[in-house]
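Below is input12.cif, which holds mmCIF, C-alpha atoms.
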data_start
#
loop_
_atom_site.label_atom_id
_atom_site.label_comp_id
_atom_site.auth_asym_id
_atom_site.auth_seq_id
_atom_site.Cartn_x
_atom_site.Cartn_y
_atom_site.Cartn_z
CA MET E 1 -1.89 9.00 20.59
CA LEU E 2 -2.13 5.22 20.91
CA ARG E 3 -1.33 3.19 17.81
CA THR E 4 -1.94 -0.51 17.56
CA SER E 5 0.41 -3.04 16.06
CA ASP E 6 0.42 -3.53 12.31
CA PRO E 7 1.13 -7.13 11.27
CA ALA E 8 2.70 -5.89 8.05
CA SER E 9 5.00 -3.47 9.87
CA ASP E 10 8.20 -5.32 8.92
CA SER E 11 7.60 -4.45 5.28
CA LYS E 12 7.59 -0.72 6.14
CA ILE E 13 11.23 -0.72 7.24
CA ASN E 14 13.32 0.77 4.45
CA LYS E 15 17.04 0.65 3.91
CA VAL E 16 18.65 3.34 6.08
CA ASN E 17 19.74 6.38 4.08
CA LYS E 18 23.14 7.15 5.64
CA GLU E 19 23.02 10.77 4.42
CA THR E 20 19.71 11.79 6.03
CA ALA E 21 19.11 9.16 8.72
CA LEU E 22 18.15 10.18 12.24
CA ARG E 23 19.36 8.59 15.44
CA PHE E 24 16.98 7.53 18.19
CA LEU E 25 17.53 6.29 21.73
CA SER E 26 15.17 3.41 22.48
CA ILE E 27 14.76 2.84 26.22
CA TYR E 28 13.22 -0.56 26.92
CA LYS E 29 11.09 -0.71 30.09
CA THR E 30 9.60 -3.85 31.56
CA VAL E 31 8.81 -5.61 34.82
CA GLU E 32 12.10 -6.62 36.42
CA ARG E 33 13.01 -10.29 36.08
CA THR E 34 14.55 -12.40 38.81
CA THR E 35 15.90 -15.00 36.38
CA PRO E 36 18.30 -14.68 33.45
CA PRO E 37 16.98 -15.02 29.89
CA THR E 38 16.59 -18.56 28.56
CA GLN E 39 18.84 -19.94 25.83
CA GLU E 40 15.95 -19.57 23.36
CA GLU E 41 15.43 -15.90 24.33
CA MET E 42 19.15 -15.21 24.01
CA ALA E 43 19.27 -16.91 20.59
CA ALA E 44 16.27 -14.92 19.28
CA MET E 45 17.75 -11.64 20.55
CA GLY E 46 21.18 -12.53 19.12
CA LYS E 47 19.61 -13.18 15.72
CA LEU E 48 17.75 -9.84 15.80
CA ILE E 49 20.89 -7.95 16.83
CA GLU E 50 22.96 -9.60 14.08
CA GLU E 51 20.35 -8.85 11.39
CA ALA E 52 19.76 -5.29 12.59
CA THR E 53 23.48 -4.53 12.65
CA LYS E 54 23.95 -5.89 9.11
CA GLU E 55 20.93 -3.88 7.90
CA GLY E 56 22.46 -0.74 9.44
CA TRP E 57 19.62 0.33 11.74
CA LEU E 58 21.13 -0.84 15.04
CA LEU E 59 24.15 1.18 16.13
CA GLY E 60 24.47 -0.22 19.65
CA THR E 61 22.51 -2.02 22.36
CA GLU E 62 22.93 -3.32 25.90
CA GLY E 63 20.75 -5.01 28.49
CA CYS E 64 20.73 -4.07 32.18
CA LEU E 65 21.57 -6.27 35.13
CA PRO E 66 19.08 -6.40 38.05
CA SER E 67 18.39 -3.15 39.91
CA ALA E 68 19.79 -4.75 43.11
CA LEU E 69 23.22 -4.10 41.59
CA GLY E 70 22.44 -0.46 40.75
CA ALA E 71 22.04 2.90 42.46
CA ARG E 72 20.07 6.10 41.89
CA VAL E 73 21.98 9.35 42.23
CA ARG E 74 19.79 12.43 42.60
CA ARG E 75 20.53 16.14 42.97
CA SER E 76 17.78 18.24 44.51
CA GLY E 77 17.97 21.53 46.39
CA GLY E 78 21.74 21.57 45.98
CA LYS E 79 22.17 18.21 47.75
CA VAL E 80 23.14 14.90 46.21
CA SER E 81 21.57 11.70 47.51
CA VAL E 82 22.31 8.09 46.62
CA THR E 83 19.81 5.23 46.89
CA ASP E 84 21.08 1.69 46.44
CA GLY E 85 18.95 -0.86 44.58
CA PRO E 86 16.81 -2.84 44.37
CA PHE E 87 14.11 -0.38 43.41
CA THR E 88 11.07 -2.36 44.52
CA GLU E 89 8.71 0.64 44.40
CA ALA E 90 8.99 0.85 40.62
CA LYS E 91 6.50 -1.20 38.60
CA GLU E 92 8.62 -1.06 35.46
CA MET E 93 12.38 -0.82 35.20
CA VAL E 94 14.78 0.07 32.42
CA GLY E 95 15.70 -3.30 30.98
CA GLY E 96 18.09 -2.02 28.33
CA PHE E 97 18.61 0.45 25.54
CA ALA E 98 19.44 0.66 21.87
CA ILE E 99 20.67 3.38 19.54
CA LEU E 100 18.68 3.14 16.31
CA LYS E 101 19.26 4.75 12.92
CA ALA E 102 16.08 5.40 10.96
CA ASN E 103 14.86 7.55 8.09
CA SER E 104 11.99 8.96 10.19
CA LYS E 105 10.25 8.81 13.56
CA ALA E 106 7.62 6.53 12.00
CA GLU E 107 10.33 4.12 10.91
CA ALA E 108 11.90 4.18 14.41
CA ILE E 109 8.48 3.20 15.78
CA GLU E 110 8.40 0.22 13.40
CA LEU E 111 11.87 -0.82 14.55
CA ALA E 112 10.72 -0.69 18.18
CA ARG E 113 7.72 -2.85 17.26
CA LYS E 114 10.07 -5.35 15.64
CA PHE E 115 12.16 -5.45 18.84
CA LEU E 116 9.09 -5.94 21.06
CA GLN E 117 7.96 -8.87 18.89
CA VAL E 118 11.18 -10.64 19.93
CA VAL E 119 11.53 -9.51 23.54
CA GLY E 120 7.86 -9.76 24.54
CA GLU E 121 6.07 -7.62 27.11
CA GLY E 122 7.22 -4.09 27.86
CA GLU E 123 7.52 -0.72 26.16
CA CYS E 124 10.12 1.26 24.28
CA GLU E 125 10.41 4.99 24.80
CA LEU E 126 11.88 6.55 21.67
CA ARG E 127 13.78 9.83 21.84
CA GLN E 128 15.43 11.45 18.85
CA LEU E 129 19.08 12.28 19.53
CA TYR E 130 20.65 15.64 18.87
CA GLU E 131 22.90 15.66 15.80
CA ALA E 132 25.80 18.12 16.05
CA GLY E 133 26.36 20.07 12.87
CA VAL E 134 22.85 19.58 11.51
CA ASP E 135 21.40 23.04 10.88
CA GLY E 136 18.10 23.65 12.68
CA ASN E 137 17.99 20.11 14.11
CA CYS E 138 17.14 21.09 17.66
CA VAL E 139 15.04 24.13 16.79
CA GLN E 140 12.91 22.25 14.25
CA SER E 141 12.39 19.39 16.67
CA ALA E 142 11.41 21.77 19.49
CA ASP E 143 9.04 23.71 17.20
CA HIS E 144 7.41 20.43 16.07
CA ALA E 145 7.03 19.24 19.69
CA GLU E 146 5.55 22.56 20.78
CA ALA E 147 3.04 22.52 17.92
CA ALA E 148 2.02 18.97 18.85
CA LEU E 149 1.25 20.08 22.41
CA ARG E 150 -1.17 22.81 21.27
#
Whole structure given in structure tokens:
Amino acid sequence: MLRTSDPASDSKINKVNKETALRFLSIYKTVERTTPPTQEEMAAMGKLIEEATKEGWLLGTEGCLPSALGARVRRSGGKVSVTDGPFTEAKEMVGGFAILKANSKAEAIELARKFLQVVGEGECELRQLYEAGVDGNCVQSADHAEAALR
């Protein structure tokens, strides 16, 4: 389901309830850059990170260096292969990640929208993280996902 941006989305972000909050992995994908971020881009991202950390919804975040410095390690048919970067065949690359704390999936989506307003073009893939010790966490999530596919 495609949802368009809501200009009032910032107002939908509630204070994180530490008792019932969910954790989400946000994987940021974008076209790979050949230049480092500008000072203005770094300042805007620094401001967002500082605010998000104080508000309690950002648990951790990192950006990725160019794929030329990376490698892909794959296991298939019992064999392990390694491919050194750059990965020129890929249209979009992982540009970074964040661990978010939100009261719901809908709220995590709003947080990703807020991030994209600062960073610009790209997409965030959101995946809820398993919470050890939470009864039914994985089963309920799997049941919900299966029902959505029907």
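Among E:Val31, E:Val80, E:Gln117, E:Arg23, the residue with the shortest atom-to-atom distance to Leu59 (chain E), counting all atoms listed in the file, is E:Arg23.
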Using all atoms listed in the file, which residue out of E:Asp84, E:Glu62, E:Glu50, E:Glu131 lies closest to Ser26 (chain E)? E:Glu62
Give as a list in words the residues that the PyMOL selection byres ((chain E and resi 69-74) around 9) matches when applied to the coordinates above. Leu65, Pro66, Ser67, Ala68, Arg75, Ser76, Lys79, Val80, Ser81, Val82, Thr83, Asp84, Gly85, Pro86 and Phe87 of chain E
Between E:Tyr130, E:Ile109, E:Gly120, E:Ala102, which is the closest to Pro37 (chain E) once you count all atoms listed in the file?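 Under the stated criterion, the closest residue is E:Gly120.
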What is the distance between CA of Leu22 (chain E) and CA of Ser104 (chain E), in Å to one decimal? 6.6 Å
Once the PyMOL selection byres ((chain E and resi 125) around 9) has been evaluated on this model, what residues remain selected, and can you format them as a ChimeraX atom specification? /E:25-29,112,123-124,126-127
Assuming 4 Å of padding per side, give the centre and edge lengths of the axis-aligned box around every listed atom of region 104-118 of chain E, in Å to one decimal and as JSON.
{"center_x": 9.9, "center_y": -0.8, "center_z": 15.6, "size_x": 12.5, "size_y": 27.6, "size_z": 18.9}
Interatomic distance between CA of Glu107 (chain E) and CA of Thr61 (chain E)? 17.8 Å
Considering only C-alpha atoms, can you say which of E:Lys101, E:Gly78, E:Glu32, E:Ile49 comes closest to Thr20 (chain E)?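 Of E:Lys101, E:Gly78, E:Glu32, E:Ile49, the one nearest Thr20 (chain E), counting only C-alpha atoms, is E:Lys101.
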Kindly complete region 73-92 of chain E to N, CA and C atoms; the output should be written as a PDB file, keeping the file's coordinate frame.
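Full text of rebuild.pdb as output:
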ATOM      1  N   VAL E  73      21.287   8.171  41.741  1.00  0.00           N
ATOM      2  CA  VAL E  73      21.980   9.350  42.230  1.00  0.00           C
ATOM      3  C   VAL E  73      21.119  10.539  41.846  1.00  0.00           C
ATOM      4  N   ARG E  74      20.714  11.326  42.836  1.00  0.00           N
ATOM      5  CA  ARG E  74      19.790  12.430  42.600  1.00  0.00           C
ATOM      6  C   ARG E  74      20.342  13.715  43.193  1.00  0.00           C
ATOM      7  N   ARG E  75      20.172  14.816  42.458  1.00  0.00           N
ATOM      8  CA  ARG E  75      20.530  16.140  42.970  1.00  0.00           C
ATOM      9  C   ARG E  75      19.253  16.943  43.073  1.00  0.00           C
ATOM     10  N   SER E  76      18.978  17.441  44.269  1.00  0.00           N
ATOM     11  CA  SER E  76      17.780  18.240  44.510  1.00  0.00           C
ATOM     12  C   SER E  76      18.081  19.236  45.616  1.00  0.00           C
ATOM     13  N   GLY E  77      17.736  20.500  45.393  1.00  0.00           N
ATOM     14  CA  GLY E  77      17.970  21.530  46.390  1.00  0.00           C
ATOM     15  C   GLY E  77      19.444  21.688  46.737  1.00  0.00           C
ATOM     16  N   GLY E  78      20.316  21.423  45.758  1.00  0.00           N
ATOM     17  CA  GLY E  78      21.740  21.570  45.980  1.00  0.00           C
ATOM     18  C   GLY E  78      22.401  20.394  46.685  1.00  0.00           C
ATOM     19  N   LYS E  79      21.616  19.374  47.056  1.00  0.00           N
ATOM     20  CA  LYS E  79      22.170  18.210  47.750  1.00  0.00           C
ATOM     21  C   LYS E  79      22.101  16.988  46.843  1.00  0.00           C
ATOM     22  N   VAL E  80      23.087  16.132  46.980  1.00  0.00           N
ATOM     23  CA  VAL E  80      23.140  14.900  46.210  1.00  0.00           C
ATOM     24  C   VAL E  80      22.839  13.730  47.146  1.00  0.00           C
ATOM     25  N   SER E  81      21.896  12.887  46.723  1.00  0.00           N
ATOM     26  CA  SER E  81      21.570  11.700  47.510  1.00  0.00           C
ATOM     27  C   SER E  81      21.771  10.462  46.644  1.00  0.00           C
ATOM     28  N   VAL E  82      22.094   9.352  47.300  1.00  0.00           N
ATOM     29  CA  VAL E  82      22.310   8.090  46.620  1.00  0.00           C
ATOM     30  C   VAL E  82      21.418   7.039  47.256  1.00  0.00           C
ATOM     31  N   THR E  83      20.657   6.326  46.425  1.00  0.00           N
ATOM     32  CA  THR E  83      19.810   5.230  46.890  1.00  0.00           C
ATOM     33  C   THR E  83      20.274   3.961  46.208  1.00  0.00           C
ATOM     34  N   ASP E  84      20.664   2.982  46.993  1.00  0.00           N
ATOM     35  CA  ASP E  84      21.080   1.690  46.440  1.00  0.00           C
ATOM     36  C   ASP E  84      19.860   0.874  46.050  1.00  0.00           C
ATOM     37  N   GLY E  85      20.015   0.035  45.009  1.00  0.00           N
ATOM     38  CA  GLY E  85      18.950  -0.860  44.580  1.00  0.00           C
ATOM     39  C   GLY E  85      18.806  -2.001  45.558  1.00  0.00           C
ATOM     40  N   PRO E  86      17.792  -2.820  45.452  1.00  0.00           N
ATOM     41  CA  PRO E  86      16.810  -2.840  44.370  1.00  0.00           C
ATOM     42  C   PRO E  86      15.754  -1.755  44.530  1.00  0.00           C
ATOM     43  N   PHE E  87      15.115  -1.426  43.437  1.00  0.00           N
ATOM     44  CA  PHE E  87      14.110  -0.380  43.410  1.00  0.00           C
ATOM     45  C   PHE E  87      12.724  -1.021  43.351  1.00  0.00           C
ATOM     46  N   THR E  88      12.304  -1.577  44.471  1.00  0.00           N
ATOM     47  CA  THR E  88      11.070  -2.360  44.520  1.00  0.00           C
ATOM     48  C   THR E  88       9.813  -1.520  44.335  1.00  0.00           C
ATOM     49  N   GLU E  89       9.897  -0.205  44.553  1.00  0.00           N
ATOM     50  CA  GLU E  89       8.710   0.640  44.400  1.00  0.00           C
ATOM     51  C   GLU E  89       8.340   0.871  42.945  1.00  0.00           C
ATOM     52  N   ALA E  90       9.257   0.638  42.050  1.00  0.00           N
ATOM     53  CA  ALA E  90       8.990   0.850  40.620  1.00  0.00           C
ATOM     54  C   ALA E  90       8.290  -0.364  40.025  1.00  0.00           C
ATOM     55  N   LYS E  91       7.210  -0.104  39.270  1.00  0.00           N
ATOM     56  CA  LYS E  91       6.500  -1.200  38.600  1.00  0.00           C
ATOM     57  C   LYS E  91       7.253  -1.669  37.374  1.00  0.00           C
ATOM     58  N   GLU E  92       7.832  -0.728  36.632  1.00  0.00           N
ATOM     59  CA  GLU E  92       8.620  -1.060  35.460  1.00  0.00           C
ATOM     60  C   GLU E  92      10.010  -0.490  35.607  1.00  0.00           C
TER      61      GLU E  92
END
